[in-house]
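*Asks:* First, the structure itself, so that you have it in front of you.
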Amino acid sequence: MRSRTAALTLTASAALLLAGIGLTLPAFAASSATPALAAAPDIAVANVQAHLAQLNSIATSNGGTRRSGTAGYTASVAYIKGKLQAAGYTVAEQTCTSCTYRANNLVADWPGGPSDQVTMFGAHLDSVAAGPGINDNGSGSATLLENALALAQQNPTMSRHVRFAWWAGEEQGLQGSKFYAGALTSTQRTQIKAYYNFDMVGSPNGGYFINHITSTAAAPMKAYWDSLSLQPEENTEGAGRSDDYSFEQVGIPTSGYAAGASARKTSAQAAKWGGTANSAYDSCYHQACDTSSNISATILNRAADGVAYTIWATSVGGTTTPPTSTPPASPTPTGGACSGQKLTNGGFESGTTGWTGTTGSIGQWAADGQAAHGGTYSSWLLGYGSTHTEAISQSVTIPAGCSATLTFWVHVDSAETTTTSAYDKLTVTAGSTTLVTLSNLNKASGYTQKSFSLNAFAGQTVALKFSGTEDSSLQTSFVLDDLAVQVS
């Protein structure tokens, strides 16, 4: 890890660019006039790598991929969402209904900063079907997650509002970010002063590339890498190929870091950056070998620290007073409030977050013969072979004027042999209304999806409850996973 004690020296051109948009870069040396927390934090690359290891593990548990629309992608969203919620972010999932594989964008707002001055940082969370996508693009996703957590831990006063996003469907043509950007109103577009994108920032034979390197938006990113004498270059290989292009198309200034994909490193680049000339920046690009070992920790570290520097340069006011303002609402699709998932932690990947009920009913059960439907966590009710009652519940608000549907996957595993008598039961209720009662008669070899209308509860907050009762002999297990309350 680098020492962050020396003050940064700006090039004259970078200073002029920043002055032109009213930004003051934070000093790295604390003084009596500048609180220590006014300086951008040093992002621990080990923490970023820990997130990458988790994403790799998620892929391994889900067929070796985190492709958009798969259980691996859903579990990746749940992992990041849980970390952000625990840190105090306002987090929303936006369903990309136009994506080839229906999946959710994840958008997180940090409270504070003026609502009409937004700096946005994004990365795509999906991989290709062929592999786990740890460089492409776990590296960008993990870098943003650790920066978001560092911002929450530092908790400075914000001069701008900061929003983070993780996109679905990038590998099918920038679909998630295009859906989001296309849903922005003209007012929301003008509120986003810059969008920064991070796609493949840990390439093992990588370089130091910046999108639109001479632009005003790029100035703080270039200033930081210039301070390390890295001599960054324009990201020509990635031009128009990642999610920043979706924002460019609606008139929002963009920049970002990249370390290179399948293009080959030149001799001149190898001379100034190291690595192997005439070899791909990432020889595992879009392949199964894009795992946790396919990362340059040095490049990843410099990208992560440069992101932190850019956040502080563009959006931090320089004091440590906790923010108190309400974050501006993230844009939703055309339906406004009538869009998205309203249930918290429906896949249980964040443990008991959002849920109340029987202790020990949410966990990882694959070793006990009860694999999750998606991800690695699920809720297992009953299965004792003796008299028991268990339940989990969560209250959810259905916006007025919206249609709403509850969906969930359930595996009924029973030792009962009867085909006529329901001895063990799972009852699903919304408030005082029973939606369905399942029993040992519904046993099956795998998961079955159930769907129920919640339209009658529009404009209300309703308690959803899954209550199980088991008799004195022969077990029946009810395993629940991937629950959602989708409104439209």
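Labels for the structure tokens follow display order: chains A, B, ..., residues from 1 in each chain, ligands from 1.
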Go through stretch 282-326 of chain A residue by residue and, counting only C-alpha atoms, keep those with an atom at most 12 Å from stretch 208-219 of chain A; for each kept residue give the shortest atom pair and its distance in Å to one decimal, ordered by chain and increasing number, as a tab-separated table.
*Replies:*
residue	atom	partner	partner_atom	distance
A:Ser296	CA	A:Tyr208	CA	11.9
A:Thr298	CA	A:Tyr208	CA	11.1
A:Ile299	CA	A:Tyr208	CA	7.8
A:Leu300	CA	A:Tyr208	CA	10.3
A:Asn301	CA	A:Tyr208	CA	11.9
A:Arg302	CA	A:Tyr208	CA	9.2
A:Ala303	CA	A:Tyr208	CA	8.6
A:Gly306	CA	A:Ala218	CA	11.1
A:Val307	CA	A:Ala218	CA	11.2
A:Tyr309	CA	A:Ala219	CA	11.1
A:Thr310	CA	A:Ala219	CA	8.8
A:Ile311	CA	A:Ala217	CA	11.7
A:Ala313	CA	A:Ala219	CA	9.8
A:Thr314	CA	A:Ala217	CA	9.2
*Asks:* Quick one: write out the picked residues with C-alpha atoms as a PDB file, in the first residue's frame?
*Replies:*
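Generated file (selection_1.pdb):
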ATOM      1  CA  SER A 296      -3.216  -7.077 -11.051  1.00  0.00           C
ATOM      2  CA  THR A 298      -1.162  -2.910  -8.303  1.00  0.00           C
ATOM      3  CA  ILE A 299      -3.405  -1.598 -11.082  1.00  0.00           C
ATOM      4  CA  LEU A 300      -6.534  -2.353  -9.049  1.00  0.00           C
ATOM      5  CA  ASN A 301      -5.135  -0.414  -6.090  1.00  0.00           C
ATOM      6  CA  ARG A 302      -4.289   2.635  -8.191  1.00  0.00           C
ATOM      7  CA  ALA A 303      -7.755   2.624  -9.754  1.00  0.00           C
ATOM      8  CA  GLY A 306      -8.135   7.292  -7.970  1.00  0.00           C
ATOM      9  CA  VAL A 307     -11.881   6.746  -7.572  1.00  0.00           C
ATOM     10  CA  TYR A 309      -9.711  10.960  -5.029  1.00  0.00           C
ATOM     11  CA  THR A 310     -12.339  11.777  -7.670  1.00  0.00           C
ATOM     12  CA  ILE A 311     -15.208  11.427  -5.202  1.00  0.00           C
ATOM     13  CA  ALA A 313     -12.444  16.228  -5.520  1.00  0.00           C
ATOM     14  CA  THR A 314     -15.899  16.512  -7.061  1.00  0.00           C
TER      15      THR A 314
END
*Asks:* Please identify the helix (DSSP H, G or I) residues within stretch 243-387 of chain A (assignment by DSSP from backbone atoms) and present them as a ChimeraX atom specification.
*Replies:* /A:244-248,267-273,297-315,366-368
*Asks:* Report the distance between atom CA of A:Gly112 and atom CA of A:Leu144 in Å, rounded to one decimal place.
*Replies:* 18.4 Å
*Asks:* Name the closest residue to A:Asp413 among the candidates A:Thr358, A:Thr376, A:Ser477, A:Asn442; distances are taken between atoms, counting only C-alpha atoms.
*Replies:*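 Closest to A:Asp413 of all the choices is A:Ser477.
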*Asks:* Using only C-alpha atoms, which of the listed residues (A:Ala148, A:Leu406, A:Val128, A:Ala123) sits closest to A:Ser242?
*Replies:*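 Smallest separation from A:Ser242 among the options: A:Ala123.
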*Asks:* Pick out the closest residue to A:Gly385 from this set: A:Thr419, A:Gln475, A:Thr397, A:Gln341. Count only C-alpha atoms.
*Replies:*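 Distance minimum relative to A:Gly385 lands on A:Gln475.
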*Asks:* Counting only C-alpha atoms, which residues of stretch 132-165 of chain A fall within 7 Å of stretch 54-73 of chain A, and what is the closest atom pair for each with its distance in Å at one decimal, ordered by chain and rising number, as CSV?
*Replies:*
residue,atom,partner,partner_atom,distance
A:Pro132,CA,A:Thr65,CA,4.4
A:Ile134,CA,A:Asn56,CA,6.6
A:Gly138,CA,A:Leu55,CA,6.9
*Asks:* Using only C-alpha atoms, can you tell me which of A:Ala297, A:Tyr281, A:Asp305, A:Ser315 comes closest to A:Ile192?
*Replies:* A:Ser315
*Asks:* Rank nothing, just name the residue among A:Asn235, A:Ser293, A:Gln49, A:Ser432 nearest to A:Val462, using only C-alpha atoms.
*Replies:*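 Once distances to A:Val462 are computed over only C-alpha atoms, the minimum belongs to A:Ser432.
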*Asks:* Mind checking which residues fall within 10 Å of A:Glu146, counting only C-alpha atoms, ignoring those fewer than 2 positions away in the same chain, and posting them as an NGL selection string?
*Replies:* :A and (43-45 or 47-51 or 80 or 83-84 or 141-144 or 148-152 or 304 or 308)
*Asks:* Closest to A:Ala404 among A:Gly459, A:Pro204, A:Pro41, A:Gly173, using only C-alpha atoms?
*Replies:* A:Gly459
*Asks:* Enumerate the residues of stretch 147-334 of chain A with a DSSP assignment of strand (DSSP E), computed from the backbone, and present them as a VMD selection string.
*Replies:* chain A and resid 161 to 167 192 to 198 209 to 210 233 to 234 254 to 258
*Asks:* Keeping C-alpha atoms, export the residues of the selection given above as an mmCIF file, in the first residue's frame.
*Replies:*
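Contents of the output file selection_29.cif:
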data_model
loop_
_atom_site.group_PDB
_atom_site.id
_atom_site.type_symbol
_atom_site.label_atom_id
_atom_site.label_comp_id
_atom_site.auth_asym_id
_atom_site.auth_seq_id
_atom_site.Cartn_x
_atom_site.Cartn_y
_atom_site.Cartn_z
ATOM 1 C CA HIS A 161 -24.878 14.313 -3.979
ATOM 2 C CA VAL A 162 -23.159 10.995 -4.768
ATOM 3 C CA ARG A 163 -24.913 8.062 -6.427
ATOM 4 C CA PHE A 164 -23.461 4.618 -7.172
ATOM 5 C CA ALA A 165 -24.901 2.128 -9.648
ATOM 6 C CA TRP A 166 -24.285 -1.468 -10.707
ATOM 7 C CA TRP A 167 -25.700 -2.379 -14.115
ATOM 8 C CA ILE A 192 -26.226 14.526 -13.056
ATOM 9 C CA LYS A 193 -23.139 16.673 -13.564
ATOM 10 C CA ALA A 194 -20.820 13.776 -14.420
ATOM 11 C CA TYR A 195 -20.990 10.003 -14.762
ATOM 12 C CA TYR A 196 -17.821 7.945 -14.111
ATOM 13 C CA ASN A 197 -17.565 4.364 -15.389
ATOM 14 C CA PHE A 198 -15.237 1.558 -14.278
ATOM 15 C CA PHE A 209 -6.524 4.298 -19.579
ATOM 16 C CA ILE A 210 -8.979 7.152 -19.041
ATOM 17 C CA GLU A 233 -3.608 7.281 -22.196
ATOM 18 C CA GLU A 234 -6.997 7.687 -23.858
ATOM 19 C CA THR A 254 -18.565 11.048 -18.723
ATOM 20 C CA SER A 255 -15.163 9.652 -17.900
ATOM 21 C CA GLY A 256 -13.730 6.596 -16.146
ATOM 22 C CA TYR A 257 -10.789 4.282 -15.662
ATOM 23 C CA ALA A 258 -9.971 1.089 -17.577
#
*Asks:* Neighbouring residues of A:His411 were defined as those with any atom within 8 Å, considering only C-alpha atoms; residues of the same chain fewer than 6 positions away were excluded. Please report them as a PyMOL selection string.
*Replies:* chain A and resi 443-448+477-480
*Asks:* Write out as a list in words which residues come within 9 Å of A:Phe247 when counting only C-alpha atoms, dropping same-chain ones fewer than 6 positions away.
*Replies:*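 Contacts, with the query itself left out: Ser177, Lys178, Ala181, Gly182, Arg189, Tyr195, Pro253 and Thr254 of chain A.
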*Asks:* Can those selected residues be exported to a file as a short mmCIF file (atom, residue, chain, number, x, y, z; two decimals), in the first residue's frame so that it contains C-alpha atoms?
*Replies:*
data_model
loop_
_atom_site.label_atom_id
_atom_site.label_comp_id
_atom_site.auth_asym_id
_atom_site.auth_seq_id
_atom_site.Cartn_x
_atom_site.Cartn_y
_atom_site.Cartn_z
CA SER A 177 -27.53 1.42 -18.19
CA LYS A 178 -29.41 2.26 -21.39
CA ALA A 181 -30.52 6.57 -18.73
CA GLY A 182 -33.54 6.34 -21.02
CA ARG A 189 -30.42 14.41 -16.72
CA TYR A 195 -20.99 10.00 -14.76
CA PRO A 253 -20.45 14.32 -19.31
CA THR A 254 -18.56 11.05 -18.72
#
*Asks:* Could you list, as a compact mmCIF listing (two decimals) with C-alpha atoms, in the first residue's frame, every residue within 6 Å of A:Gly346, counting only C-alpha atoms and ignoring same-chain residues fewer than 4 positions away?
*Replies:*
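Below you can see around_23.txt, which holds the result:
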# COMPACT_ATOMS: atom_id res chain seq x y z
CA ASP A 482 -36.04 -15.58 -4.35
CA LEU A 483 -39.14 -13.80 -3.08
CA ALA A 484 -40.28 -10.59 -4.73
